[in-house]
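Peer 1: My questions will all concern the structure given below.
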Amino acid sequence: MQDRTDTDVDDQPPRSPADALAIIEREQARQIPPYWIFYLIWGAAWAVIGLAWFANGTGAVTAATAGVLTGLAIAGGSIASGLVGARMGRGVTGPSQLHGALYGWVWPVAMIGVVALTVGLGRLGAPVGFAMPALFVFVTGGLFAVGAAVWRNIPDYALGLGLLVLGAALPFVPAPWHALALALVGGGALVATGLWTRARAVR
């Protein structure tokens, strides 16, 4: 009789219901795309954008400099989101493969759309300095809430709803403090949640 090797341990049936549950949870975790990366990407982008315009409001930098930093943050976040979304299918099977890719590509489209919308509002005479941070937060909150609903993640869904509330409240915060709120409250919440979600994923 041939001796059994360590490589075929996984072929054996689970020894107990607890083992079976652990196997199921492990396989489910493998099929959930690492969408926490989007939290880090756009949390960092928001921090750059918010701090840039807060610095402009205090006279530390010019509006042109803040605009360049905003453009770089949006371009970098959009490219990173698109690349992450395109690579999400690797190692992921089933419907989550398509969900991850589609969800990833929504981000650059939505963020670029926010910029286009605020530019259009500016041409109509709207106060773009207030509109852009609020729209960024509101759109991102909606994206997070939808993604969390798809993958049945209640804490992240609550975060998405919280960002929707923050986005709706930002226009009522006086300048330049609304930009600082975008950086610290919005961006900080995204980065903290991304790190927390990552920590849960690697347990």
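Chain identifiers are assigned as A, B, and so on, following the order in which chains appear in the structure tokens; residues are numbered from 1 within each chain, and ligands are numbered from 1 in order of appearance.
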Need to verify the contact set: Val114 in chain A, 7 Å, only C-alpha atoms, exclusion of same-chain residues closer than 3 positions in sequence. Can you return it as a VMD selection string?

Peer 2: chain A and resid 110 to 111 117 to 118 135 to 136

Peer 1: Between A:Ala169, A:Val146, A:Ala80, A:Ala75, which is the closest to Ile49 in chain A once you count only C-alpha atoms?

Peer 2: A:Ala75

Peer 1: Quick one: distance from CA of Leu195 in chain A to CA of Leu40 in chain A in Å, one decimal?

Peer 2: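 Computing the Euclidean distance for CA of Leu195 in chain A and CA of Leu40 in chain A yields 7.6 Å.
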
Peer 1: Leaving out Ala181 in chain A and any residue of its chain fewer than 6 positions from it, which residues lie within 10 Å of it when counting only C-alpha atoms, given as an MDAnalysis selection string?

Peer 2: chainID A and resid 46:47 50:51 54 133 166 170 173 187:188

Peer 1: Please, could you write that set of residues out with N, CA, C and O atoms as a tab-separated table (two decimals), in the first residue's frame?

Peer 2:
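Result written to out-v4.tsv:
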chain	number	residue	atom	x	y	z
A	46	TRP	N	-8.18	61.56	-1.18
A	46	TRP	CA	-8.97	62.58	-0.49
A	46	TRP	C	-8.10	63.40	0.44
A	46	TRP	O	-8.28	64.61	0.57
A	47	ALA	N	-7.18	62.74	1.13
A	47	ALA	CA	-6.30	63.46	2.05
A	47	ALA	C	-5.48	64.50	1.29
A	47	ALA	O	-5.33	65.65	1.74
A	50	GLY	N	-8.02	67.30	-0.02
A	50	GLY	CA	-8.52	68.13	1.07
A	50	GLY	C	-7.46	69.03	1.66
A	50	GLY	O	-7.69	70.22	1.89
A	51	LEU	N	-6.27	68.47	1.92
A	51	LEU	CA	-5.20	69.27	2.51
A	51	LEU	C	-4.71	70.34	1.53
A	51	LEU	O	-4.33	71.44	1.95
A	54	PHE	N	-7.32	73.08	1.63
A	54	PHE	CA	-7.27	73.75	2.93
A	54	PHE	C	-6.06	74.68	2.99
A	54	PHE	O	-6.15	75.82	3.48
A	133	PRO	N	-15.68	68.74	-3.10
A	133	PRO	CA	-15.52	67.82	-1.95
A	133	PRO	C	-16.80	67.08	-1.60
A	133	PRO	O	-16.78	65.87	-1.33
A	166	LEU	N	-22.02	62.48	5.24
A	166	LEU	CA	-20.95	63.47	5.27
A	166	LEU	C	-20.95	64.31	4.00
A	166	LEU	O	-20.78	65.53	4.05
A	170	LEU	N	-21.23	68.44	3.95
A	170	LEU	CA	-20.05	69.26	3.67
A	170	LEU	C	-20.38	70.67	3.12
A	170	LEU	O	-19.70	71.63	3.48
A	173	VAL	N	-20.47	73.29	5.77
A	173	VAL	CA	-19.27	73.58	6.56
A	173	VAL	C	-18.54	74.74	5.89
A	173	VAL	O	-18.26	74.69	4.69
A	187	GLY	N	-11.18	61.11	4.23
A	187	GLY	CA	-10.00	60.32	3.89
A	187	GLY	C	-9.53	59.45	5.04
A	187	GLY	O	-9.16	58.28	4.84
A	188	GLY	N	-9.56	59.99	6.25
A	188	GLY	CA	-9.14	59.20	7.41
A	188	GLY	C	-10.03	58.00	7.64
A	188	GLY	O	-9.55	56.91	7.97

Peer 1: I need the residue nearest Leu163 in chain A from this list: A:Leu143, A:Ala148, A:Asn56, A:His178. Use only C-alpha atoms for the distance.

Peer 2: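 Answer, going by the shortest atom-to-atom distance: A:Leu143.
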
Peer 1: With only C-alpha atoms as the counted atoms, please give the residues lying no more than 12 Å from Val191 in chain A, apart from itself and same-chain residues fewer than 3 positions off, as a short mmCIF file (atom, residue, chain, number, x, y, z; two decimals) with N, CA, C and O atoms, in the first residue's frame.

Peer 2:
data_model
loop_
_atom_site.label_atom_id
_atom_site.label_comp_id
_atom_site.auth_asym_id
_atom_site.auth_seq_id
_atom_site.Cartn_x
_atom_site.Cartn_y
_atom_site.Cartn_z
N TRP A 36 -10.96 46.24 -0.34
CA TRP A 36 -10.46 47.15 0.67
C TRP A 36 -9.35 48.05 0.11
O TRP A 36 -9.09 49.14 0.64
N ILE A 37 -8.73 47.61 -1.00
CA ILE A 37 -7.67 48.42 -1.60
C ILE A 37 -8.21 49.77 -2.07
O ILE A 37 -7.53 50.79 -2.01
N PHE A 38 -9.47 49.77 -2.52
CA PHE A 38 -10.06 51.03 -2.98
C PHE A 38 -10.19 52.03 -1.82
O PHE A 38 -10.11 53.24 -2.03
N TYR A 39 -10.40 51.51 -0.62
CA TYR A 39 -10.47 52.39 0.55
C TYR A 39 -9.15 53.14 0.72
O TYR A 39 -9.14 54.35 0.97
N LEU A 40 -8.04 52.42 0.61
CA LEU A 40 -6.74 53.04 0.79
C LEU A 40 -6.42 54.01 -0.33
O LEU A 40 -5.91 55.11 -0.09
N ILE A 41 -6.73 53.62 -1.56
CA ILE A 41 -6.42 54.46 -2.71
C ILE A 41 -7.13 55.81 -2.60
O ILE A 41 -6.51 56.88 -2.68
N TRP A 42 -8.45 55.74 -2.38
CA TRP A 42 -9.20 56.99 -2.39
C TRP A 42 -9.15 57.71 -1.05
O TRP A 42 -9.34 58.93 -0.99
N GLY A 43 -8.85 57.03 0.02
CA GLY A 43 -8.61 57.71 1.29
C GLY A 43 -7.37 58.58 1.18
O GLY A 43 -7.36 59.75 1.61
N ALA A 44 -6.31 58.05 0.56
CA ALA A 44 -5.09 58.83 0.36
C ALA A 44 -5.35 59.98 -0.61
O ALA A 44 -4.85 61.11 -0.40
N ALA A 45 -6.11 59.72 -1.68
CA ALA A 45 -6.40 60.78 -2.64
C ALA A 45 -7.19 61.92 -1.99
O ALA A 45 -6.91 63.10 -2.22
N TRP A 46 -8.18 61.56 -1.18
CA TRP A 46 -8.97 62.58 -0.49
C TRP A 46 -8.10 63.40 0.44
O TRP A 46 -8.28 64.61 0.57
N ALA A 47 -7.18 62.74 1.13
CA ALA A 47 -6.30 63.46 2.05
C ALA A 47 -5.48 64.50 1.29
O ALA A 47 -5.33 65.65 1.74
N LEU A 159 -20.44 52.22 6.61
CA LEU A 159 -19.48 53.27 6.26
C LEU A 159 -19.95 54.03 5.03
O LEU A 159 -19.87 55.26 4.98
N ALA A 183 -10.37 65.83 4.08
CA ALA A 183 -9.10 65.14 4.26
C ALA A 183 -9.09 64.26 5.50
O ALA A 183 -8.71 63.08 5.43
N LEU A 184 -9.51 64.83 6.64
CA LEU A 184 -9.37 64.11 7.90
C LEU A 184 -10.52 63.17 8.18
O LEU A 184 -10.30 62.00 8.53
N VAL A 185 -11.75 63.65 8.03
CA VAL A 185 -12.91 62.80 8.34
C VAL A 185 -13.15 61.79 7.22
O VAL A 185 -13.25 60.59 7.46
N GLY A 186 -13.25 62.29 5.99
CA GLY A 186 -13.51 61.39 4.87
C GLY A 186 -12.33 60.49 4.55
O GLY A 186 -12.44 59.26 4.59
N GLY A 187 -11.18 61.11 4.23
CA GLY A 187 -10.00 60.32 3.89
C GLY A 187 -9.53 59.45 5.04
O GLY A 187 -9.16 58.28 4.84
N GLY A 188 -9.56 59.99 6.25
CA GLY A 188 -9.14 59.20 7.41
C GLY A 188 -10.03 58.00 7.64
O GLY A 188 -9.55 56.91 7.97
N GLY A 194 -10.04 50.69 5.48
CA GLY A 194 -9.28 49.80 4.60
C GLY A 194 -8.28 48.96 5.36
O GLY A 194 -8.16 47.75 5.13
N LEU A 195 -7.56 49.58 6.29
CA LEU A 195 -6.58 48.84 7.09
C LEU A 195 -7.28 47.82 8.00
O LEU A 195 -6.80 46.70 8.18
N TRP A 196 -8.42 48.21 8.55
CA TRP A 196 -9.17 47.29 9.42
C TRP A 196 -9.71 46.11 8.63
O TRP A 196 -9.63 44.96 9.07
N THR A 197 -10.22 46.38 7.43
CA THR A 197 -10.74 45.30 6.58
C THR A 197 -9.61 44.37 6.16
O THR A 197 -9.78 43.15 6.12
N ARG A 198 -8.46 44.94 5.83
CA ARG A 198 -7.30 44.12 5.47
C ARG A 198 -6.88 43.24 6.63
O ARG A 198 -6.55 42.06 6.43
#

Peer 1: Quick one: residues within 9 Å of Gly142 in chain A, only C-alpha atoms, excluding same-chain residues fewer than 4 positions away - as a ChimeraX atom specification?

Peer 2: /A:137-138,146-147,160-161,163-164

Peer 1: Pick out the residues sitting within 10 Å of Gly57 in chain A, and hand them over as a count of residues only; count only C-alpha atoms, and ignore anything fewer than 6 positions along from it in its own chain.

Peer 2: 9
